[in-house]
Amino acid sequence: MVSPIISDAIRTMPKAELHLHIEGTLEPELAYELAERNKVELPFAGLEDLRQRYHFTNLQSFLDLYYELMNVLRTADDFKDLVLAYLSKAHEQGVVRSEIFFDPQVHVENGIDIDTVLDGLLAGTLLGRERYGISCGLIPCIVRDMPVQSAEEIVDALAPRASELLGLGLDSAEVGYPPELFGDVFARAREIGLHLVAHAGEEGPAEYVSQAVHDLKVERVDHGIRSVEDAELLNTIQERGIALTCCPLSNLKLKVVNDLDELPLQRLIDSGVSITVNSDDPAYFGGYIADNYDALAELGFTLPQLAQLAENSLHAAFVDDDERDGMLKAFSLWAQTHKDLLV
Ligand SMILES: [Zn+2]
């Protein structure tokens with residue numbers, strides 16, 4: 001168990017969350033509330049049954065539930081409420097900046113207008129900033145196991161509102177859907193001024209990370225842990241200052257590793273790569289961001305080491321210099337008040 005003093009320090013440490021799917025923050029209670037509000041029939045015996053299903057057994061049972069529950073999101077208010085519920089938890093866990101993923105293709109397939117999705121998410125982030133002081137950006141993700149043409153269409157649909165978005169990402173089932181399929185889609189996203197990120201090297205090989213870096217020209221890699229298998233790739237990642245957004249509890253829950261100490265985080269850190277800690281789909285994976293830091297503390301990471309990872313996240317966020325300076329000042333202040341724990 002992590003001592004309460006360290007756990008409290010982790011929760012007040014200013015940090016950015018850079019790998020978070022908003023649909024993955026849908027807790028069972030809110031899923032039922034939204035289903036009732038929208039008269040969506042859920043195929044479960046009730047709230048308790050749904051709670052049990054959150055203890056899924058493999059990737060496919062997770063994805064089945066994940067996409068099933070996205071059906072309860074129908075109106076702009078639903079998306080706004082989902083963002084606010086997440087930000088209230090993120091605030092308690094020391095998040096000062098959140099760059100939020102969402103899957104527009106799935107919502108459009110569910111019959112929701114893309115503007116409804118965006119309006120709701122943006123309203124949530126604006127209110128969240130007022131209520132919790134968290135600055136946010138939105139990163140729509142291409143669902144890589146849907147047809148490439150659908151990816152092209154969604155980027156066209158998002159283009160008129162590109163100024164309201166932060167970037168473009170790539171997510172969902174990795175193996176069999178290499179990043180190189182999406183070179184044109186990402187080139188177009190770059191043209192319309194979006195930052196670029198992609199999931200790669202979670203279950204897929206280091207070669208997929210290499211494609212994300214070279215073919216898609218991403219600025220961060222989501223997960224990316226299998227980069228550790230390719231020394232030349234690690235050099236490139238380190239030289240280009242590409243951060244990896246790692247998600248320990250997600251890797252454990254989805255059985256990417258059987259035990260957290262199998263994660264190559266220390267080897268990646270030792271190779272000079274910028275590692276950050278994130279929660280991925282926290283409602284499903286047993287913890288929000290500080291719970292992920294706690295898990296690393298239990299593995300033996302010290303508070304100074306964890307503080308370095310939090311500081312990495314502030315450097316890896318897509319913010320302007322003024323905002324970054326403000327976040328780093330808040331971080332320095334925290335370090336000052338916790339200096340006895342940081343020696
Ligand atoms: Zn993810």
# chains A, B, ... in the order shown; residues from 1 in each chain; ligands from 1
call {"tool": "residues_near_ligand", "arguments": {"ligand": "ligand 1", "cutoff": "12 Å", "atoms": "only C-alpha atoms and all ligand atoms", "output": "VMD selection string"}}
result
chain A and resid 17 to 25 63 100 to 103 139 to 143 169 to 174 197 to 203 221 to 224 244 to 251 254 277 to 282 284 to 285
call {"tool": "select_by_dssp", "arguments": {"residues": "range 12-128 of chain A", "states": "helix (DSSP H, G or I)", "output": "number ranges by chain"}}
result
A: 12, 22-25, 28-38, 47-53, 59-72, 76-92, 104-109, 114-128
call {"tool": "select_by_dssp", "arguments": {"residues": "range 87-320 of chain A", "states": "strand (DSSP E)", "output": "number ranges by chain"}}
result
A: 95-102, 135-143, 167-171, 195-200, 220-223, 243-246, 275-277
call {"tool": "closest_residue", "arguments": {"among": "A:Leu122, A:Val95, A:Ile154, A:Val40", "to": "Ile134 in chain A", "atoms": "only C-alpha atoms"}}
result
A:Val95
call {"tool": "atom_distance", "arguments": {"atom1": "CA of Ile242 in chain A", "atom2": "CA of Ala162 in chain A"}}
result
22.9 Å
call {"tool": "closest_residue", "arguments": {"among": "A:Ile10, A:Glu207, A:Pro147, A:Ala290", "to": "Ala231 in chain A", "atoms": "only C-alpha atoms"}}
result
A:Glu207
call {"tool": "residues_around", "arguments": {"residues": "range 181-194 of chain A", "least_positions_apart": "4", "cutoff": "9 Å", "atoms": "only C-alpha atoms", "output": "list in words"}}
result
Ile139, Ile142, Arg144, Val148, Ala151, Glu152, Val155, Asp156, Ala159, Ala162, Ser163, Leu165, Leu166, Gly167, Leu168, Gly169, Leu170, Tyr177, Ala212, Asp215, Leu216, Lys217 and Val218 of chain A
call {"tool": "closest_residue", "arguments": {"among": "A:Gln336, A:Asn71, A:Asn235, A:Gln105", "to": "Lys39 in chain A", "atoms": "only C-alpha atoms"}}
result
A:Asn71
call {"tool": "residues_around", "arguments": {"residues": "Leu296 in chain A", "least_positions_apart": "2", "cutoff": "10 Å", "atoms": "only C-alpha atoms", "output": "mmCIF file with all heavy atoms, in the first residue's frame"}}
result
data_model
loop_
_atom_site.group_PDB
_atom_site.id
_atom_site.type_symbol
_atom_site.label_atom_id
_atom_site.label_comp_id
_atom_site.auth_asym_id
_atom_site.auth_seq_id
_atom_site.Cartn_x
_atom_site.Cartn_y
_atom_site.Cartn_z
ATOM 1 N N VAL A 2 0.429 2.255 -0.748
ATOM 2 C CA VAL A 2 1.145 3.537 -0.758
ATOM 3 C C VAL A 2 0.775 4.287 0.514
ATOM 4 O O VAL A 2 -0.385 4.270 0.924
ATOM 5 C CB VAL A 2 0.698 4.368 -1.980
ATOM 6 C CG1 VAL A 2 1.506 5.636 -2.096
ATOM 7 C CG2 VAL A 2 0.800 3.540 -3.238
ATOM 8 N N PRO A 248 -0.494 2.505 -17.179
ATOM 9 C CA PRO A 248 -0.180 1.234 -16.517
ATOM 10 C C PRO A 248 -1.397 0.375 -16.191
ATOM 11 O O PRO A 248 -1.405 -0.822 -16.495
ATOM 12 C CB PRO A 248 0.543 1.681 -15.234
ATOM 13 C CG PRO A 248 1.039 3.062 -15.520
ATOM 14 C CD PRO A 248 0.113 3.669 -16.509
ATOM 15 N N LEU A 249 -2.435 0.958 -15.569
ATOM 16 C CA LEU A 249 -3.576 0.117 -15.165
ATOM 17 C C LEU A 249 -4.320 -0.434 -16.374
ATOM 18 O O LEU A 249 -4.830 -1.552 -16.346
ATOM 19 C CB LEU A 249 -4.535 0.913 -14.263
ATOM 20 C CG LEU A 249 -3.983 1.269 -12.877
ATOM 21 C CD1 LEU A 249 -4.988 2.128 -12.096
ATOM 22 C CD2 LEU A 249 -3.636 0.011 -12.073
ATOM 23 N N LEU A 260 2.388 -5.600 -13.419
ATOM 24 C CA LEU A 260 2.885 -4.251 -13.727
ATOM 25 C C LEU A 260 4.409 -4.193 -13.814
ATOM 26 O O LEU A 260 4.958 -3.374 -14.553
ATOM 27 C CB LEU A 260 2.390 -3.254 -12.679
ATOM 28 C CG LEU A 260 0.937 -2.781 -12.836
ATOM 29 C CD1 LEU A 260 0.581 -1.835 -11.715
ATOM 30 C CD2 LEU A 260 0.731 -2.113 -14.196
ATOM 31 N N ASP A 261 5.093 -5.071 -13.081
ATOM 32 C CA ASP A 261 6.559 -4.975 -13.130
ATOM 33 C C ASP A 261 7.135 -5.505 -14.450
ATOM 34 O O ASP A 261 8.332 -5.402 -14.694
ATOM 35 C CB ASP A 261 7.240 -5.589 -11.906
ATOM 36 C CG ASP A 261 6.972 -7.073 -11.779
ATOM 37 O OD1 ASP A 261 6.486 -7.669 -12.761
ATOM 38 O OD2 ASP A 261 7.254 -7.629 -10.697
ATOM 39 N N LEU A 265 8.846 0.500 -18.316
ATOM 40 C CA LEU A 265 8.888 1.954 -18.114
ATOM 41 C C LEU A 265 10.283 2.440 -17.727
ATOM 42 O O LEU A 265 10.768 3.441 -18.265
ATOM 43 C CB LEU A 265 7.873 2.378 -17.044
ATOM 44 C CG LEU A 265 6.406 2.102 -17.392
ATOM 45 C CD1 LEU A 265 5.492 2.627 -16.286
ATOM 46 C CD2 LEU A 265 6.041 2.743 -18.732
ATOM 47 N N VAL A 277 2.245 9.532 -17.515
ATOM 48 C CA VAL A 277 1.318 8.565 -16.910
ATOM 49 C C VAL A 277 -0.114 9.061 -17.122
ATOM 50 O O VAL A 277 -0.402 10.244 -16.897
ATOM 51 C CB VAL A 277 1.594 8.428 -15.397
ATOM 52 C CG1 VAL A 277 0.598 7.474 -14.748
ATOM 53 C CG2 VAL A 277 3.012 7.959 -15.175
ATOM 54 N N ALA A 290 -4.370 9.581 -10.815
ATOM 55 C CA ALA A 290 -3.535 9.465 -9.609
ATOM 56 C C ALA A 290 -3.468 8.007 -9.150
ATOM 57 O O ALA A 290 -2.483 7.588 -8.527
ATOM 58 C CB ALA A 290 -4.069 10.361 -8.489
ATOM 59 N N ASP A 291 -4.515 7.241 -9.438
ATOM 60 C CA ASP A 291 -4.486 5.812 -9.098
ATOM 61 C C ASP A 291 -3.398 5.106 -9.912
ATOM 62 O O ASP A 291 -2.784 4.141 -9.446
ATOM 63 C CB ASP A 291 -5.855 5.173 -9.370
ATOM 64 C CG ASP A 291 -6.971 5.913 -8.636
ATOM 65 O OD1 ASP A 291 -6.796 6.200 -7.447
ATOM 66 O OD2 ASP A 291 -7.991 6.247 -9.265
ATOM 67 N N ASN A 292 -3.155 5.580 -11.140
ATOM 68 C CA ASN A 292 -2.059 5.036 -11.951
ATOM 69 C C ASN A 292 -0.702 5.389 -11.349
ATOM 70 O O ASN A 292 0.206 4.564 -11.316
ATOM 71 C CB ASN A 292 -2.155 5.549 -13.397
ATOM 72 C CG ASN A 292 -3.131 4.742 -14.230
ATOM 73 O OD1 ASN A 292 -2.765 3.765 -14.866
ATOM 74 N ND2 ASN A 292 -4.400 5.136 -14.205
ATOM 75 N N TYR A 293 -0.578 6.636 -10.861
ATOM 76 C CA TYR A 293 0.666 7.014 -10.172
ATOM 77 C C TYR A 293 0.850 6.170 -8.908
ATOM 78 O O TYR A 293 1.959 5.734 -8.592
ATOM 79 C CB TYR A 293 0.651 8.505 -9.804
ATOM 80 C CG TYR A 293 1.052 9.452 -10.921
ATOM 81 C CD1 TYR A 293 0.119 9.911 -11.853
ATOM 82 C CD2 TYR A 293 2.360 9.911 -11.035
ATOM 83 C CE1 TYR A 293 0.468 10.797 -12.863
ATOM 84 C CE2 TYR A 293 2.733 10.802 -12.041
ATOM 85 C CZ TYR A 293 1.782 11.243 -12.945
ATOM 86 O OH TYR A 293 2.140 12.118 -13.942
ATOM 87 N N ASP A 294 -0.262 5.950 -8.172
ATOM 88 C CA ASP A 294 -0.196 5.101 -6.967
ATOM 89 C C ASP A 294 0.345 3.716 -7.321
ATOM 90 O O ASP A 294 1.162 3.149 -6.586
ATOM 91 C CB ASP A 294 -1.597 4.909 -6.361
ATOM 92 C CG ASP A 294 -2.061 6.096 -5.535
ATOM 93 O OD1 ASP A 294 -1.239 6.995 -5.265
ATOM 94 O OD2 ASP A 294 -3.256 6.122 -5.178
ATOM 95 N N GLU A 298 3.586 1.837 -5.796
ATOM 96 C CA GLU A 298 3.597 0.487 -5.211
ATOM 97 C C GLU A 298 4.675 -0.397 -5.841
ATOM 98 O O GLU A 298 5.211 -1.295 -5.200
ATOM 99 C CB GLU A 298 2.241 -0.183 -5.378
ATOM 100 C CG GLU A 298 1.258 0.233 -4.301
ATOM 101 C CD GLU A 298 -0.100 -0.417 -4.481
ATOM 102 O OE1 GLU A 298 -0.137 -1.623 -4.768
ATOM 103 O OE2 GLU A 298 -1.096 0.309 -4.355
ATOM 104 N N LEU A 299 4.979 -0.117 -7.095
ATOM 105 C CA LEU A 299 6.028 -0.878 -7.786
ATOM 106 C C LEU A 299 7.423 -0.485 -7.329
ATOM 107 O O LEU A 299 8.403 -1.133 -7.687
ATOM 108 C CB LEU A 299 5.981 -0.580 -9.287
ATOM 109 C CG LEU A 299 5.135 -1.430 -10.207
ATOM 110 C CD1 LEU A 299 5.421 -1.014 -11.638
ATOM 111 C CD2 LEU A 299 5.455 -2.905 -10.023
ATOM 112 N N GLY A 300 7.503 0.657 -6.623
ATOM 113 C CA GLY A 300 8.805 1.092 -6.136
ATOM 114 C C GLY A 300 9.274 2.428 -6.703
ATOM 115 O O GLY A 300 10.360 2.892 -6.354
ATOM 116 N N PHE A 301 8.488 3.032 -7.585
ATOM 117 C CA PHE A 301 8.854 4.371 -8.064
ATOM 118 C C PHE A 301 8.774 5.338 -6.879
ATOM 119 O O PHE A 301 7.812 5.321 -6.122
ATOM 120 C CB PHE A 301 7.889 4.838 -9.164
ATOM 121 C CG PHE A 301 8.200 4.300 -10.534
ATOM 122 C CD1 PHE A 301 7.925 2.973 -10.858
ATOM 123 C CD2 PHE A 301 8.769 5.115 -11.500
ATOM 124 C CE1 PHE A 301 8.216 2.472 -12.118
ATOM 125 C CE2 PHE A 301 9.067 4.614 -12.765
ATOM 126 C CZ PHE A 301 8.790 3.295 -13.078
ATOM 127 N N THR A 302 9.808 6.170 -6.729
ATOM 128 C CA THR A 302 9.830 7.125 -5.615
ATOM 129 C C THR A 302 9.056 8.382 -6.001
ATOM 130 O O THR A 302 8.788 8.627 -7.189
ATOM 131 C CB THR A 302 11.273 7.527 -5.301
ATOM 132 O OG1 THR A 302 11.811 8.198 -6.471
ATOM 133 C CG2 THR A 302 12.139 6.305 -4.980
ATOM 134 N N LEU A 303 8.732 9.201 -4.991
ATOM 135 C CA LEU A 303 8.017 10.443 -5.302
ATOM 136 C C LEU A 303 8.824 11.347 -6.240
ATOM 137 O O LEU A 303 8.245 11.900 -7.183
ATOM 138 C CB LEU A 303 7.617 11.177 -4.023
ATOM 139 C CG LEU A 303 6.659 12.353 -4.265
ATOM 140 C CD1 LEU A 303 5.331 11.910 -4.860
ATOM 141 C CD2 LEU A 303 6.422 13.139 -2.979
ATOM 142 N N GLN A 305 10.784 10.427 -8.585
ATOM 143 C CA GLN A 305 10.632 9.843 -9.936
ATOM 144 C C GLN A 305 9.238 10.122 -10.497
ATOM 145 O O GLN A 305 9.087 10.458 -11.674
ATOM 146 C CB GLN A 305 10.870 8.328 -9.881
ATOM 147 C CG GLN A 305 12.325 7.958 -9.684
ATOM 148 C CD GLN A 305 12.516 6.452 -9.478
ATOM 149 O OE1 GLN A 305 11.802 5.820 -8.692
ATOM 150 N NE2 GLN A 305 13.462 5.882 -10.195
ATOM 151 N N LEU A 306 8.225 10.003 -9.651
ATOM 152 C CA LEU A 306 6.845 10.256 -10.113
ATOM 153 C C LEU A 306 6.662 11.726 -10.458
ATOM 154 O O LEU A 306 5.976 12.076 -11.423
ATOM 155 C CB LEU A 306 5.847 9.826 -9.035
ATOM 156 C CG LEU A 306 5.841 8.323 -8.725
ATOM 157 C CD1 LEU A 306 4.924 8.033 -7.537
ATOM 158 C CD2 LEU A 306 5.413 7.506 -9.941
#
call {"tool": "closest_residue", "arguments": {"among": "A:Gly176, A:Gly111, A:Gly204, A:Gly128", "to": "Ala85 in chain A", "atoms": "only C-alpha atoms"}}
result
A:Gly128
call {"tool": "atom_distance", "arguments": {"atom1": "CA of Glu180 in chain A", "atom2": "CA of Pro160 in chain A"}}
result
25.2 Å
call {"tool": "closest_residue", "arguments": {"among": "A:Ala335, A:Ala243, A:Ile114, A:Leu127", "to": "Thr75 in chain A", "atoms": "only C-alpha atoms"}}
result
A:Ile114
call {"tool": "residues_around", "arguments": {"residues": "Glu33 in chain A", "least_positions_apart": "3", "cutoff": "12 Å", "atoms": "only C-alpha atoms", "output": "VMD selection string"}}
result
chain A and resid 26 to 30 36 to 42 46 to 47 69 72 to 73 78 81 to 82
call {"tool": "residues_around", "arguments": {"residues": "Ser135 in chain A", "least_positions_apart": "4", "cutoff": "8 Å", "atoms": "only C-alpha atoms", "output": "PyMOL selection string"}}
result
chain A and resi 96-98+125+128-129
call {"tool": "closest_residue", "arguments": {"among": "A:Ser61, A:Gln149, A:Thr337, A:Thr116", "to": "Thr12 in chain A", "atoms": "only C-alpha atoms"}}
result
A:Thr337
call {"tool": "atom_distance", "arguments": {"atom1": "CA of Leu314 in chain A", "atom2": "CA of His91 in chain A"}}
result
15.4 Å
call {"tool": "residues_around", "arguments": {"residues": "Asp115 in chain A", "least_positions_apart": "4", "cutoff": "12 Å", "atoms": "only C-alpha atoms", "output": "count of residues only"}}
result
20
